[in-house]
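A.B. asks: So that you have it, the file is data.cif, and it contains mmCIF, C-alpha atoms:
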data_coords
loop_
_atom_site.group_PDB
_atom_site.id
_atom_site.type_symbol
_atom_site.label_atom_id
_atom_site.label_comp_id
_atom_site.auth_asym_id
_atom_site.auth_seq_id
_atom_site.Cartn_x
_atom_site.Cartn_y
_atom_site.Cartn_z
ATOM 1 C CA MET F 8 4.857 12.609 8.514
ATOM 2 C CA ARG F 9 1.525 11.761 10.085
ATOM 3 C CA ILE F 10 -0.102 8.900 8.171
ATOM 4 C CA ALA F 11 -3.719 7.706 8.323
ATOM 5 C CA LEU F 12 -4.584 4.097 7.444
ATOM 6 C CA HIS F 13 -8.195 3.397 6.509
ATOM 7 C CA GLN F 14 -9.322 -0.112 7.489
ATOM 8 C CA THR F 15 -12.819 -0.443 6.085
ATOM 9 C CA ARG F 16 -15.595 -2.684 4.835
ATOM 10 C CA SER F 17 -16.636 -0.059 2.308
ATOM 11 C CA ALA F 18 -15.354 0.984 -1.087
ATOM 12 C CA GLY F 19 -15.970 3.946 -3.345
ATOM 13 C CA LEU F 20 -15.603 7.688 -3.385
ATOM 14 C CA ASP F 21 -17.944 8.428 -0.469
ATOM 15 C CA SER F 22 -15.944 6.149 1.815
ATOM 16 C CA LEU F 23 -12.675 7.689 0.659
ATOM 17 C CA ASP F 24 -13.985 11.241 1.066
ATOM 18 C CA GLY F 25 -15.124 10.579 4.625
ATOM 19 C CA ALA F 26 -11.781 9.028 5.521
ATOM 20 C CA ALA F 27 -9.886 11.966 3.982
ATOM 21 C CA ARG F 28 -11.975 14.429 5.958
ATOM 22 C CA GLU F 29 -11.303 12.623 9.240
ATOM 23 C CA ALA F 30 -7.624 12.099 8.433
ATOM 24 C CA ALA F 31 -7.130 15.799 7.778
ATOM 25 C CA ALA F 32 -9.002 16.720 10.966
ATOM 26 C CA ARG F 33 -6.639 14.446 12.930
ATOM 27 C CA GLY F 34 -3.558 16.079 11.454
ATOM 28 C CA ALA F 35 -2.600 13.433 8.900
ATOM 29 C CA ARG F 36 -0.704 14.494 5.816
ATOM 30 C CA LEU F 37 -1.296 11.245 3.954
ATOM 31 C CA LEU F 38 -4.225 8.813 3.804
ATOM 32 C CA LEU F 39 -3.669 5.235 2.640
ATOM 33 C CA THR F 40 -6.706 3.153 1.661
ATOM 34 C CA PRO F 41 -6.958 -0.580 0.859
ATOM 35 C CA GLU F 42 -6.269 -2.374 -2.407
ATOM 36 C CA LEU F 43 -8.855 -1.545 -5.109
ATOM 37 C CA SER F 44 -10.494 0.903 -2.710
ATOM 38 C CA LEU F 45 -12.490 2.698 -5.398
ATOM 39 C CA THR F 46 -14.365 -0.416 -6.506
ATOM 40 C CA GLY F 47 -13.928 -3.160 -3.939
ATOM 41 C CA TYR F 48 -11.950 -6.334 -4.500
ATOM 42 C CA ALA F 49 -14.607 -8.963 -5.359
ATOM 43 C CA LEU F 50 -15.610 -7.638 -8.764
ATOM 44 C CA GLY F 51 -16.261 -10.855 -10.669
ATOM 45 C CA ALA F 52 -14.990 -9.404 -13.929
ATOM 46 C CA PRO F 53 -12.808 -6.378 -13.078
ATOM 47 C CA ALA F 54 -12.642 -5.341 -16.742
ATOM 48 C CA ARG F 55 -16.212 -4.049 -16.422
ATOM 49 C CA TYR F 56 -15.049 -1.532 -13.820
ATOM 50 C CA ALA F 57 -11.658 -0.621 -15.285
ATOM 51 C CA GLU F 58 -10.935 2.932 -16.342
ATOM 52 C CA PRO F 59 -7.913 4.761 -17.742
ATOM 53 C CA ALA F 60 -5.310 6.148 -15.378
ATOM 54 C CA ASP F 61 -6.732 9.643 -15.806
ATOM 55 C CA GLY F 62 -10.383 8.609 -15.863
ATOM 56 C CA PRO F 63 -13.299 9.974 -13.808
ATOM 57 C CA GLY F 64 -12.267 8.147 -10.634
ATOM 58 C CA ALA F 65 -8.835 9.738 -10.717
ATOM 59 C CA ALA F 66 -10.332 13.188 -11.226
ATOM 60 C CA ALA F 67 -12.696 12.692 -8.295
ATOM 61 C CA VAL F 68 -9.918 11.543 -5.939
ATOM 62 C CA SER F 69 -7.768 14.499 -6.957
ATOM 63 C CA ARG F 70 -10.593 16.831 -5.974
ATOM 64 C CA ILE F 71 -10.988 15.048 -2.621
ATOM 65 C CA ALA F 72 -7.272 15.296 -1.864
ATOM 66 C CA ALA F 73 -7.166 18.993 -2.729
ATOM 67 C CA ARG F 74 -10.363 19.768 -0.824
ATOM 68 C CA HIS F 75 -9.042 18.232 2.386
ATOM 69 C CA GLY F 76 -5.357 19.088 1.850
ATOM 70 C CA VAL F 77 -4.193 15.505 2.381
ATOM 71 C CA ALA F 78 -2.261 13.169 0.088
ATOM 72 C CA VAL F 79 -4.194 10.023 -0.840
ATOM 73 C CA GLY F 80 -3.036 6.554 -1.825
ATOM 74 C CA TYR F 81 -5.809 4.477 -3.380
ATOM 75 C CA GLY F 82 -6.375 1.531 -5.705
ATOM 76 C CA TYR F 83 -8.526 0.781 -8.731
ATOM 77 C CA PRO F 84 -8.656 -1.494 -11.804
ATOM 78 C CA GLU F 85 -6.809 0.381 -14.535
ATOM 79 C CA ARG F 86 -7.345 -0.134 -18.242
ATOM 80 C CA GLY F 87 -3.987 0.403 -19.917
ATOM 81 C CA GLU F 88 -3.359 1.962 -23.280
ATOM 82 C CA ASP F 89 -3.200 -1.518 -24.843
ATOM 83 C CA GLY F 90 -6.491 -2.602 -23.268
ATOM 84 C CA ALA F 91 -4.898 -4.752 -20.548
ATOM 85 C CA VAL F 92 -6.390 -4.481 -17.057
ATOM 86 C CA HIS F 93 -4.024 -3.813 -14.158
ATOM 87 C CA ASN F 94 -4.467 -3.798 -10.377
ATOM 88 C CA THR F 95 -3.144 -0.274 -9.824
ATOM 89 C CA ALA F 96 -2.357 2.054 -6.935
ATOM 90 C CA ARG F 97 -2.079 5.806 -7.388
ATOM 91 C CA LEU F 98 -0.609 8.355 -4.991
ATOM 92 C CA VAL F 99 -2.071 11.855 -5.219
ATOM 93 C CA GLY F 100 -0.522 14.843 -3.468
ATOM 94 C CA PRO F 101 -2.382 17.202 -1.100
ATOM 95 C CA ASP F 102 -2.770 19.610 -4.012
ATOM 96 C CA GLY F 103 -4.520 16.947 -6.100
ATOM 97 C CA GLU F 104 -1.580 16.366 -8.434
ATOM 98 C CA THR F 105 -0.557 12.807 -9.286
ATOM 99 C CA LEU F 106 2.712 11.768 -7.627
ATOM 100 C CA ALA F 107 3.034 8.103 -8.667
ATOM 101 C CA ASP F 108 1.260 5.207 -10.367
ATOM 102 C CA TYR F 109 2.105 1.573 -9.638
ATOM 103 C CA ARG F 110 0.765 -1.594 -11.254
ATOM 104 C CA LYS F 111 0.824 -4.689 -9.018
ATOM 105 C CA THR F 112 3.738 -6.872 -10.086
ATOM 106 C CA HIS F 113 2.987 -10.075 -8.122
ATOM 107 C CA LEU F 114 -0.553 -11.295 -8.746
ATOM 108 C CA TYR F 115 -2.126 -13.559 -6.121
ATOM 109 C CA GLY F 116 -4.106 -16.689 -6.873
ATOM 110 C CA PRO F 117 -6.341 -17.772 -9.763
ATOM 111 C CA TYR F 118 -8.764 -14.837 -9.472
ATOM 112 C CA GLU F 119 -6.125 -12.157 -9.960
ATOM 113 C CA THR F 120 -4.093 -14.046 -12.550
ATOM 114 C CA ALA F 121 -7.252 -14.643 -14.601
ATOM 115 C CA HIS F 122 -8.286 -10.993 -14.684
ATOM 116 C CA TYR F 123 -5.218 -8.770 -14.355
ATOM 117 C CA THR F 124 -1.972 -8.247 -16.232
ATOM 118 C CA PRO F 125 1.041 -7.835 -13.913
ATOM 119 C CA GLY F 126 3.031 -4.639 -13.903
ATOM 120 C CA THR F 127 6.664 -4.556 -14.966
ATOM 121 C CA ARG F 128 8.065 -1.554 -13.097
ATOM 122 C CA LEU F 129 9.711 -1.746 -9.678
ATOM 123 C CA PRO F 130 10.385 0.268 -7.596
ATOM 124 C CA VAL F 131 7.923 3.137 -8.020
ATOM 125 C CA GLN F 132 8.607 6.123 -5.748
ATOM 126 C CA ALA F 133 7.577 9.707 -5.022
ATOM 127 C CA ARG F 134 8.757 12.508 -2.755
ATOM 128 C CA LEU F 135 6.457 14.119 -0.212
ATOM 129 C CA GLU F 136 7.409 16.443 2.646
ATOM 130 C CA GLY F 137 11.057 15.440 2.606
ATOM 131 C CA LEU F 138 10.463 11.670 2.586
ATOM 132 C CA THR F 139 10.752 9.160 -0.232
ATOM 133 C CA LEU F 140 7.575 7.122 -0.502
ATOM 134 C CA GLY F 141 7.331 3.812 -2.339
ATOM 135 C CA LEU F 142 4.356 1.777 -3.545
ATOM 136 C CA LEU F 143 3.641 -1.948 -3.461
ATOM 137 C CA ILE F 144 0.284 -3.760 -3.405
ATOM 138 C CA CYS F 145 -0.682 -6.607 -1.055
ATOM 139 C CA TYR F 146 1.048 -9.838 -2.208
ATOM 140 C CA ASP F 147 4.054 -7.806 -3.431
ATOM 141 C CA VAL F 148 5.212 -7.171 0.145
ATOM 142 C CA GLU F 149 5.448 -10.914 0.776
ATOM 143 C CA PHE F 150 8.474 -11.021 -1.540
ATOM 144 C CA PRO F 151 11.558 -9.777 0.335
ATOM 145 C CA GLU F 152 13.218 -8.937 -2.984
ATOM 146 C CA ALA F 153 10.516 -6.381 -3.794
ATOM 147 C CA VAL F 154 10.883 -4.612 -0.454
ATOM 148 C CA ARG F 155 14.688 -4.750 -0.618
ATOM 149 C CA ALA F 156 14.556 -3.150 -4.094
ATOM 150 C CA HIS F 157 12.759 -0.229 -2.456
ATOM 151 C CA ALA F 158 15.268 -0.060 0.384
ATOM 152 C CA LEU F 159 18.218 0.009 -2.019
ATOM 153 C CA ALA F 160 16.516 2.763 -4.011
ATOM 154 C CA GLY F 161 16.098 4.892 -0.884
ATOM 155 C CA THR F 162 12.446 4.409 0.046
ATOM 156 C CA ASP F 163 11.719 5.739 3.545
ATOM 157 C CA VAL F 164 8.023 4.832 3.833
ATOM 158 C CA LEU F 165 6.593 1.916 1.870
ATOM 159 C CA LEU F 166 2.865 2.278 1.192
ATOM 160 C CA VAL F 167 1.077 -1.053 0.802
ATOM 161 C CA PRO F 168 -2.660 -0.997 0.083
ATOM 162 C CA THR F 169 -3.800 -4.566 0.607
ATOM 163 C CA ALA F 170 -6.686 -7.039 0.578
ATOM 164 C CA LEU F 171 -5.166 -9.690 2.835
ATOM 165 C CA MET F 172 -7.557 -12.565 3.478
ATOM 166 C CA ARG F 173 -7.949 -15.101 6.239
ATOM 167 C CA PRO F 174 -6.287 -17.416 7.193
ATOM 168 C CA TYR F 175 -3.117 -15.462 6.299
ATOM 169 C CA ASP F 176 -3.230 -13.044 9.253
ATOM 170 C CA THR F 177 0.417 -13.809 9.998
ATOM 171 C CA VAL F 178 1.407 -11.709 6.978
ATOM 172 C CA ALA F 179 0.105 -8.614 8.749
ATOM 173 C CA THR F 180 1.173 -9.545 12.257
ATOM 174 C CA THR F 181 4.610 -11.040 11.620
ATOM 175 C CA LEU F 182 5.858 -10.605 8.070
ATOM 176 C CA VAL F 183 5.107 -6.884 7.597
ATOM 177 C CA PRO F 184 6.976 -5.799 10.774
ATOM 178 C CA ALA F 185 9.862 -8.068 9.758
ATOM 179 C CA ARG F 186 10.037 -6.377 6.358
ATOM 180 C CA ALA F 187 10.273 -2.988 8.067
ATOM 181 C CA VAL F 188 13.201 -4.144 10.204
ATOM 182 C CA GLU F 189 15.158 -6.114 7.616
ATOM 183 C CA SER F 190 14.976 -3.338 5.017
ATOM 184 C CA GLN F 191 15.069 -0.416 7.483
ATOM 185 C CA LEU F 192 12.023 1.526 6.369
ATOM 186 C CA TYR F 193 8.485 2.184 7.529
ATOM 187 C CA VAL F 194 5.743 -0.031 6.109
ATOM 188 C CA ALA F 195 2.223 1.407 6.012
ATOM 189 C CA TYR F 196 -0.206 -1.475 5.446
ATOM 190 C CA ALA F 197 -3.919 -0.673 4.910
ATOM 191 C CA ASN F 198 -6.269 -3.660 4.691
ATOM 192 C CA ARG F 199 -9.948 -4.350 4.209
ATOM 193 C CA VAL F 200 -12.024 -6.059 6.905
ATOM 194 C CA GLY F 201 -15.083 -8.305 6.807
ATOM 195 C CA ARG F 202 -16.534 -10.394 3.990
ATOM 196 C CA GLU F 203 -16.915 -9.371 0.377
ATOM 197 C CA GLY F 204 -18.235 -12.030 -1.965
ATOM 198 C CA GLU F 205 -16.205 -15.204 -1.410
ATOM 199 C CA PHE F 206 -13.384 -13.348 0.341
ATOM 200 C CA ASP F 207 -12.963 -12.869 4.098
ATOM 201 C CA PHE F 208 -10.525 -10.038 4.802
ATOM 202 C CA ALA F 209 -8.206 -10.170 7.801
ATOM 203 C CA GLY F 210 -7.924 -6.507 8.837
ATOM 204 C CA ARG F 211 -4.914 -5.940 11.131
ATOM 205 C CA SER F 212 -3.767 -2.838 9.256
ATOM 206 C CA CYS F 213 -0.622 -1.337 10.716
ATOM 207 C CA LEU F 214 2.241 1.085 10.538
ATOM 208 C CA ALA F 215 5.432 -0.899 11.174
ATOM 209 C CA ALA F 216 8.635 0.946 12.065
ATOM 210 C CA PRO F 217 12.266 0.064 11.267
ATOM 211 C CA ASP F 218 13.145 -0.300 14.951
ATOM 212 C CA GLY F 219 10.774 -3.260 15.378
ATOM 213 C CA THR F 220 7.904 -1.334 16.942
ATOM 214 C CA VAL F 221 4.390 -1.065 15.501
ATOM 215 C CA PRO F 222 3.136 2.451 16.263
ATOM 216 C CA ALA F 223 -0.396 1.650 15.072
ATOM 217 C CA ARG F 224 -2.319 -1.608 14.734
ATOM 218 C CA ALA F 225 -5.993 -2.335 14.028
ATOM 219 C CA ASP F 226 -7.803 -5.499 15.063
ATOM 220 C CA GLY F 227 -9.122 -8.146 12.703
ATOM 221 C CA ALA F 228 -12.813 -7.281 12.883
ATOM 222 C CA SER F 229 -13.444 -3.537 13.153
ATOM 223 C CA GLN F 230 -13.406 -0.598 10.825
ATOM 224 C CA ALA F 231 -10.832 1.966 11.907
ATOM 225 C CA LEU F 232 -8.883 5.019 10.868
ATOM 226 C CA LEU F 233 -5.421 4.599 12.378
ATOM 227 C CA VAL F 234 -3.194 7.664 12.681
ATOM 228 C CA ALA F 235 0.518 7.443 13.491
ATOM 229 C CA ASP F 236 3.787 9.175 12.670
ATOM 230 C CA ALA F 237 6.633 8.106 10.411
ATOM 231 C CA ASP F 238 9.513 9.842 12.195
ATOM 232 C CA PRO F 239 12.598 10.694 10.089
ATOM 233 C CA ALA F 240 14.749 10.948 13.220
ATOM 234 C CA LEU F 241 13.795 7.442 14.347
ATOM 235 C CA LEU F 242 14.420 6.176 10.817
ATOM 236 C CA ALA F 243 17.910 7.689 10.702
ATOM 237 C CA ALA F 244 18.829 6.384 14.164
ATOM 238 C CA SER F 245 17.563 2.902 13.360
ATOM 239 C CA ARG F 246 19.506 2.778 10.094
ATOM 240 C CA GLU F 247 22.672 3.764 11.944
ATOM 241 C CA ARG F 248 22.174 1.006 14.524
ATOM 242 C CA ASN F 249 21.132 -1.612 11.969
ATOM 243 C CA PRO F 250 23.335 -1.234 8.852
ATOM 244 C CA TYR F 251 21.855 -4.195 6.975
ATOM 245 C CA LEU F 252 22.082 -2.483 3.602
ATOM 246 C CA ALA F 253 25.719 -1.462 4.054
ATOM 247 C CA ASP F 254 26.707 -4.889 5.355
ATOM 248 C CA ARG F 255 25.150 -6.901 2.546
ATOM 249 C CA ARG F 256 27.380 -9.196 0.488
ATOM 250 C CA PRO F 257 25.430 -9.467 -2.758
ATOM 251 C CA GLU F 258 28.262 -11.352 -4.471
ATOM 252 C CA LEU F 259 27.283 -14.326 -2.290
ATOM 253 C CA TYR F 260 23.595 -14.265 -3.181
ATOM 254 C CA PRO F 261 23.115 -12.904 -6.693
ATOM 255 C CA ALA F 262 19.597 -12.500 -8.012
#
What's the structure tokens form of this structure?

C.D. replies:
Amino acid sequence: MRIALHQTRSAGLDSLDGAAREAAARGARLLLTPELSLTGYALGAPARYAEPADGPGAAAVSRIAARHGVAVGYGYPERGEDGAVHNTARLVGPDGETLADYRKTHLYGPYETAHYTPGTRLPVQARLEGLTLGLLICYDVEFPEAVRAHALAGTDVLLVPTALMRPYDTVATTLVPARAVESQLYVAYANRVGREGEFDFAGRSCLAAPDGTVPARADGASQALLVADADPALLAASRERNPYLADRRPELYPA
């Protein structure tokens, strides 16, 4: 599966539409955008921007996905049925149909914990073109248990929209590739870049492979649309060579 990762300073539907158009033109079947890509991250009071899961933003993204024939992973502040606000990622298929919704389970820092309610469902998965895709958001991937839960459930490609800030660049450069190797899956990591309000985003979006390679990597300063392949054959060969899941001894390290 050819995957496009949108590293951007911008947010909103126009930015997403332009990225989807370019991704499709470059042969991508899936576009992943950063955390809260419909609104931006530095919202002050996210509740003012929150909308229901099937609100106008969702309808607009579905039209974009169908128009360009590319699946889209994007983020937005969701207002739940009970009024709680969640930091949510949605995956839409190339026909515009919703494939999965995931509410961020590990909230980062005082800003997020003050404004969002954590999700309670993990792992969240979908099938697309013969691969099992999973969803996490930013800080979630820094917990090996969350990624391992996906691996044990059969996730092949883990989609991680993120808003990683400086000075934590090492998460993108070191931790994300390590997660791909230790859990034997691809990790697609799409970050913001530049300053937004009080936050300075680190960029360094990447696609990390289970064999320890990084087929695509952006720098820490520039906008970019990365395009790279998640190869099922490489995934199968790497899992055969590195049987971490089969060789686990969970009786020695219970949760």

A.B. asks: Rank nothing, just name the residue among F:Arg70, F:Arg211, F:Arg110, F:Arg202 nearest to F:Pro184, using all atoms listed in the file.

C.D. replies: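 Checking each of F:Arg70, F:Arg211, F:Arg110, F:Arg202 against F:Pro184, counting all atoms listed in the file, the winner is F:Arg211.
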
A.B. asks: So, with only C-alpha atoms as the atoms that count, which of F:Leu50, F:Val131, F:Leu114, F:Ala27 lies closest to F:Ile71?

C.D. replies: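 Smallest distance to F:Ile71 is found for F:Ala27.
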
A.B. asks: So that I can check the surroundings of F:Asn94, please list as a list in words every protein, DNA and RNA residue that reaches within 8 Å of it, counting only C-alpha atoms and ignoring chain neighbours fewer than 4 positions away.

C.D. replies: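 That gives Leu43, Gly82, Tyr83, Pro84, Glu85, Arg110, Lys111, Tyr123, Thr124 and Pro125 of chain F.
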
A.B. asks: Go ahead and compute the interatomic distance for atom CA of F:Thr120 and atom CA of F:Glu42, in Å to one decimal.

C.D. replies: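 Atom CA of F:Glu42 lies at a distance of 15.6 Å from atom CA of F:Thr120.
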
A.B. asks: Write out as number ranges by chain which residues come within 12 Å of F:Tyr193 when counting all atoms listed in the file, dropping same-chain ones fewer than 2 positions away.

C.D. replies: F: 8, 10, 138-142, 154, 157-158, 161-167, 183-191, 195-196, 213-223, 235-239, 241-243, 245-246

A.B. asks: Output the residue selection produced by the PyMOL selection byres ((chain F and resi 174) around 9) on the file above, formatted as a list of chain:residue names.

C.D. replies: F:Leu171, F:Met172, F:Arg173, F:Tyr175, F:Asp176, F:Thr177, F:Asp207, F:Phe208, F:Ala209

A.B. asks: As a check of understanding, name the residues that the PyMOL selection byres ((chain F and resi 128) around 12) selects in the supplied structure, as a PyMOL selection string.

C.D. replies: chain F and resi 95+107-113+125-127+129-132+142-143+153+156-157

A.B. asks: Provide the atom CA of F:Ala72 to atom CA of F:Ala52 distance in Å, to one decimal place.

C.D. replies: 28.6 Å

A.B. asks: Which is closer to F:Ala197 than all the others in F:Gly51, F:Pro59, F:Pro250, F:Gly80, using all atoms listed in the file?

C.D. replies: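 Between F:Gly51, F:Pro59, F:Pro250, F:Gly80, the residue approaching F:Ala197 most closely is F:Gly80.
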